[in-house]
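Asker: Quick one: structure below, then a few questions.
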Amino acid sequence: MKSLSPLAYVPRKGPLQSAGLGPVALYLGAYLVICFLSSDPLVLIAATVGAALAGFGAHAGRAVGFSLRLGAFLAISMIVVNGLVTSRGETVLMRLGEWPVLGRVDVTAEALAAGTVIGLRAMGTMVVIGVWSACVDPDRLLKAMHRSARRSALTATLISRLVPLAAGDQARLSRAAGLRGPGAEPVGKIALAHRLLAGSLDRAVDVAATLELRGYGQAVPVGASRPARSRFDRRFRIVGSILMASAVGSIVFGLPGLATYPGFEYSPGPVSVALAGLFAIGGLATWQRGRGAGGRRN
Amino acid sequence: MADATESRPRQPALSIEAMGYRYAGAPIRSLDDVSLTVEPGEFVLLAGRSGSGKTSLLRAACGLVPHFHGGELEGRASVAGRDTRDFGPGELADVVGYVAQDPETQVISTTVAGELDLPLRFRGDPPASRARAIEEVALALNIAHLLPRAVATLSGGELQRVALAVALVTRPPLILLDEPTSQLDPVAGDELIWLLRRLNEEWGVAVILAEHRLERCLAAADRVVSMDAGRIAFDGSPRTFLENAVHSDPALATPAARMFSKAGIDPLPVGVRDARATLRVRGIDADPTEEAEPPSEGAPRPGQGAGGRGPGDRTRSRASRFRLGLNRSRRYGRALTSKGLWIELDPGDGPLDVIRGLDLDIDPGERVALMGRNGAGKSTLLSAAAGLLEPVKGRIESPGGVALLTQDPGDFLVRESIGDELSGPAGEAALEAVGLDLPAESDPRDLSGGERQRLALAISLAGRMDGQQLPGLIALDEPTRGMDRGLKDGLSALAATLAERGAAVLIATHDVEFAVSFAERVVLLGDGELIADADAGSVLSGGWYFASEVNRVLDIPGVTGVGQGADRLLARIARRPVS
């Protein structure tokens, strides 16, 4: 008997789980877009908070916690790496001399700040992916893909199964890493990630083979059922549209972010504050009014 | 006028002509000049050692070779008249079902019901028809209770049954199975084989079953095809196969056949029923005056509880501790102590008690097989012993340390060379302990299955040894999956060596014949509770499922091994009155 991975999908009744794939993709996609494109730390933090709130509202607290920890590790790695490899910036904090490969290493406050922005993007992205993985039924996604891309089982598999597969493999590999004797070479996160990536891709191909064996490549039968509509579709369509329009608008109209080189320049104006507030509050769309605490937590 | 169907020539379920196949980048061919025809309704057992080409043959028969695995293919294969070069696996899905070796890679859906529904939905079956097909296959495979479960929470055995159900749910005329019982307990394994036989007889489904544990399925087969180095080495009846195997490759022969061969009895039996019939005809069947095999010193007598000792009975424990303690490490006292142990897991639908009030002691130097049906709590107990799970009540201790090897040794191998995995004196000592002497620059991916397993065990042992002294408990979880008998014998010998050096060796296994060869003591779990704990001879005899084939033939308490059985048969022959 196995326990579930934190990122594994668990069937539950809830607005996010019940809504159609399109509205949910629009809603969570808006968070993904803002995380990818914004360079405003306030907005990125707010988007991460909003995505986490969305996860908590959907009772995917474990997935949110796991994603935050993983995202924090990535963020710290990016800050450190950017601090070491980028010597641009006016405010030199440390002069570390000549290093092999890297050459002269000066750690600047601007490079650390730029790394922080990249790290915040990674953390927000991880939380959005975690919420998607824990709350969106891969079966529904697979069925949707079968209608639109039935001849491409591999594509569908990579989209619908890679995250839960990687989560399962990660749990297994981490368990094995914890069982290594103290005299064996320790497994660092990079070695584990490398092994995980190689293994997960192999597994994804195996699953794609299984899909083919199940008859995935066969034509969609006439009259195949369309997905049922949900009363929550409208909510996510409206909130998702507002968030997506705000995200795209902020990029198109050039919302200023954190300028780092050669020196700091960051002055969040009312638009930044409003955008941040919008994304943070948008996370409450998954919450259900009057719902008791009877739902099982993930 | 003749019926149209009568005049039409009957298509073979599978036809392979002069097939050769090499995986991309592989130095040698996996299939070499293979020709095989399987008629509708045939039950074919595919035998052969690990790496002999069984899996490649099955992949070629369902179109995965070459469509998914690439490589170079010669010759042709056709399934129900469809050439696999022109039809991919998806287009063959309605005529062939395939169950691969690793059930974890065969999971697509979120829930078991969704998994069963998927191929029917892809085929375009209406909802009512899908519901009925799912219900029937779930009942047939005894997985109805699993239907609402998340597939991510299933054990290996449960996954294997689900994978088989998915392959059967569309009722294809040909089923290919690659070691479908490797993760099943003896009960589920036997039931699965006879279910396949029933499907074969009643529905006319042609079955090709690749399996290492031939004693489990030989009696159900019409025909045996044996592979060796990518070629078909034998193709004939099960009895002829055994006569061939006992001389050319005894590792492929069943325990009962080897016992008969040693005792000079003909013909060799293809199953327990056949063996008993032969003994009856020859007047050497069960002898009521025959005595049970005496248990080893310190072990309980048969009849003492379910298989000797029940929970709370300390007779064996004291005696064996005394006996074993004379020669073996006493640095830490007990290798494992569990008192009133309760472990709770959440499989996704709420917490569940998986281990329930377990009392268990294991002494240094003991070789213990941990058995029980799927979901009985074996893996959970090993995880708790290694400190991966916290008890909700009671305690479990292993003062000498625990080295645990989980089900897939590949999870331990993350680097490019053995030297990168294990270096320094601790690494060298661990490699020496498992008897692995390979160049440090060897790539773990190039090692054989047995070598990979030893390397993974060495990784688990490294640094847990005090000089040459092993940790108190070495635990392995289902290590014989996919192994032929030669590899299992190697693992038994390794376990014996480790035990002689003072470590208690605890192996969770479903393989009764492996337990006979490896264990001196068997602990049987049922639903998280201890239901038998005694010497191996007592537990592995007298039962219906957890008994060796030799014991099921002879029915003599304590007689479980081939050598013991042959000696008893020779004694019966000597006692038989000369006519």
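Following the order of the structure tokens, chains are lettered A, B, ..., residues in each are numbered from 1, and ligands are numbered from 1.
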As an MDAnalysis selection string, please: every residue in stretch 104-320 of chain B that a backbone DSSP assignment puts in helix (DSSP H, G or I).

Answerer: chainID B and resid 104:106 112:123 127:140 144:146 151:153 156:168 186:203 214:216 218:220 238:248 250:252 255:263 272:281 315:320

Asker: I want to know what sits within 7 Å of B:Gly372, based on only C-alpha atoms, with residues of the same chain fewer than 4 positions away left out; could you give that as a PyMOL selection string?

Answerer: chain B and resi 185+376+524-526

Asker: Env of B:Leu116: 9 Å cut, atoms = only C-alpha atoms, seq-sep filter 5 positions within chain, self excluded. Answer as a ChimeraX atom specification.

Answerer: /B:109,111,130,133-134,137-138,147,162-163,165-167,169

Asker: Return the single residue from B:Phe43, B:Trp544, B:Phe87, B:Phe122 that is closest to chain A, with distances computed using only C-alpha atoms.

Answerer: B:Phe122

Asker: Which residue gives the smallest distance to chain B among A:Pro6, A:Gly215, A:Gly83, A:Gly263, with only C-alpha atoms counted?

Answerer: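 Comparing A:Pro6, A:Gly215, A:Gly83, A:Gly263 against chain B, the winner is A:Gly215.
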
Asker: Excluding A:Gly89 and residues on its chain fewer than 3 positions from it, collect all residues at most 7 Å away from it, counting only C-alpha atoms, and give them as a list of chain:residue names.

Answerer: A:Thr108, A:Glu110, A:Ala111, A:Tyr261, A:Pro262, A:Gly263

Asker: Between A:Gly269, A:Gly181, A:Pro15, A:Gly65, which is the closest to chain B once you count only C-alpha atoms?

Answerer: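 Checking each of A:Gly269, A:Gly181, A:Pro15, A:Gly65 against chain B, counting only C-alpha atoms, the winner is A:Gly181.
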
Asker: So that I can check the secondary structure, give me every residue of stretch 147-238 of chain B assigned strand (DSSP E or B) by backbone DSSP, as a CSV table (one decimal) with C-alpha atoms, in the first residue's frame.

Answerer:
```
chain,number,residue,atom,x,y,z
B,150,ALA,CA,-6.8,6.2,-7.1
B,174,LEU,CA,-5.0,-12.8,-28.2
B,175,ILE,CA,-3.5,-11.9,-24.9
B,176,LEU,CA,0.2,-11.5,-24.3
B,177,LEU,CA,1.5,-11.5,-20.7
B,178,ASP,CA,5.0,-10.8,-19.5
B,206,ALA,CA,-5.2,-17.4,-27.3
B,207,VAL,CA,-2.7,-16.8,-24.5
B,208,ILE,CA,1.0,-16.3,-24.7
B,209,LEU,CA,2.4,-16.2,-21.2
B,210,ALA,CA,6.1,-15.5,-20.4
B,223,ARG,CA,2.4,-25.9,-25.4
B,224,VAL,CA,5.8,-24.6,-24.3
B,225,VAL,CA,8.1,-22.4,-26.3
B,226,SER,CA,11.5,-22.0,-24.8
B,227,MET,CA,13.8,-19.1,-25.8
B,228,ASP,CA,17.6,-19.1,-25.6
B,231,ARG,CA,16.2,-18.1,-30.7
B,232,ILE,CA,13.5,-20.7,-30.1
B,233,ALA,CA,15.3,-23.5,-28.4
B,234,PHE,CA,12.3,-25.7,-27.8
B,235,ASP,CA,8.7,-25.9,-29.1
B,236,GLY,CA,6.5,-28.7,-27.9
```

Asker: Contacts of stretch 450-458 of chain B at 7 Å or less, counting only C-alpha atoms, minus same-chain residues fewer than 5 places along, as a PyMOL selection string?

Answerer: chain B and resi 405+409+412-413+430-431+434+436+444+487

Asker: Quick one: everything within 10 Å of A:Arg104, counting only C-alpha atoms, minus sequence neighbours fewer than 2 positions away in the same chain. Send it as a list of chain:residue names.

Answerer: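 That gives A:Leu84, A:Val85, A:Thr86, A:Ser87, A:Arg95, A:Leu96, A:Gly97, A:Glu98, A:Trp99, A:Pro100, A:Val101, A:Leu102, A:Asp106, A:Val107.
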
Asker: Those selected residues, please, written with N, CA and C atoms and delivered as a PDB file, in the first residue's frame.

Answerer:
```pdb
ATOM      1  N   LEU A  84      26.832  34.732  -8.720  1.00  0.00           N
ATOM      2  CA  LEU A  84      28.197  34.317  -9.039  1.00  0.00           C
ATOM      3  C   LEU A  84      28.552  34.545 -10.503  1.00  0.00           C
ATOM      4  N   VAL A  85      27.589  34.339 -11.396  1.00  0.00           N
ATOM      5  CA  VAL A  85      27.945  34.387 -12.814  1.00  0.00           C
ATOM      6  C   VAL A  85      27.768  35.776 -13.421  1.00  0.00           C
ATOM      7  N   THR A  86      27.009  36.663 -12.761  1.00  0.00           N
ATOM      8  CA  THR A  86      26.797  38.010 -13.306  1.00  0.00           C
ATOM      9  C   THR A  86      27.547  39.026 -12.458  1.00  0.00           C
ATOM     10  N   SER A  87      28.470  39.703 -13.071  1.00  0.00           N
ATOM     11  CA  SER A  87      29.264  40.679 -12.320  1.00  0.00           C
ATOM     12  C   SER A  87      28.819  42.104 -12.599  1.00  0.00           C
ATOM     13  N   ARG A  95      34.015  40.912  -3.297  1.00  0.00           N
ATOM     14  CA  ARG A  95      34.941  40.610  -4.392  1.00  0.00           C
ATOM     15  C   ARG A  95      35.576  39.265  -4.067  1.00  0.00           C
ATOM     16  N   LEU A  96      35.260  38.248  -4.897  1.00  0.00           N
ATOM     17  CA  LEU A  96      35.703  36.877  -4.606  1.00  0.00           C
ATOM     18  C   LEU A  96      36.902  36.468  -5.454  1.00  0.00           C
ATOM     19  N   GLY A  97      37.467  37.407  -6.170  1.00  0.00           N
ATOM     20  CA  GLY A  97      38.702  37.118  -6.913  1.00  0.00           C
ATOM     21  C   GLY A  97      38.464  36.293  -8.162  1.00  0.00           C
ATOM     22  N   GLU A  98      39.559  35.692  -8.658  1.00  0.00           N
ATOM     23  CA  GLU A  98      39.492  34.902  -9.893  1.00  0.00           C
ATOM     24  C   GLU A  98      39.062  33.473  -9.577  1.00  0.00           C
ATOM     25  N   TRP A  99      38.056  32.956 -10.318  1.00  0.00           N
ATOM     26  CA  TRP A  99      37.594  31.576 -10.163  1.00  0.00           C
ATOM     27  C   TRP A  99      37.813  30.832 -11.471  1.00  0.00           C
ATOM     28  N   PRO A 100      38.112  29.532 -11.381  1.00  0.00           N
ATOM     29  CA  PRO A 100      38.202  28.767 -12.627  1.00  0.00           C
ATOM     30  C   PRO A 100      36.868  28.822 -13.377  1.00  0.00           C
ATOM     31  N   VAL A 101      36.921  28.872 -14.657  1.00  0.00           N
ATOM     32  CA  VAL A 101      35.764  28.915 -15.555  1.00  0.00           C
ATOM     33  C   VAL A 101      35.035  30.269 -15.463  1.00  0.00           C
ATOM     34  N   LEU A 102      34.665  30.689 -14.242  1.00  0.00           N
ATOM     35  CA  LEU A 102      33.875  31.910 -14.092  1.00  0.00           C
ATOM     36  C   LEU A 102      34.705  33.183 -14.285  1.00  0.00           C
ATOM     37  N   ASP A 106      32.623  39.131  -8.925  1.00  0.00           N
ATOM     38  CA  ASP A 106      32.201  40.199  -8.005  1.00  0.00           C
ATOM     39  C   ASP A 106      30.705  40.010  -7.757  1.00  0.00           C
ATOM     40  N   VAL A 107      30.346  39.846  -6.514  1.00  0.00           N
ATOM     41  CA  VAL A 107      28.918  39.687  -6.197  1.00  0.00           C
ATOM     42  C   VAL A 107      28.309  41.073  -6.008  1.00  0.00           C
TER      43      VAL A 107
END
```

Asker: Rounded to one decimal, what separation in Å do you get between atom CA of A:Ala58 and atom CA of A:Gln17?

Answerer: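 Value for the atom CA of A:Ala58-atom CA of A:Gln17 distance: 7.5 Å.
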
Asker: Which of these, A:Pro41, A:Gly240, A:Gly115, A:Gly188, has the shortest distance to chain B once you count only C-alpha atoms?

Answerer: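 Ranked by minimum distance to chain B, first place goes to A:Gly188.
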
Asker: Go ahead and compute the interatomic distance for atom CA of B:Gly449 and atom CA of B:Val414, in Å to one decimal.

Answerer: 15.6 Å
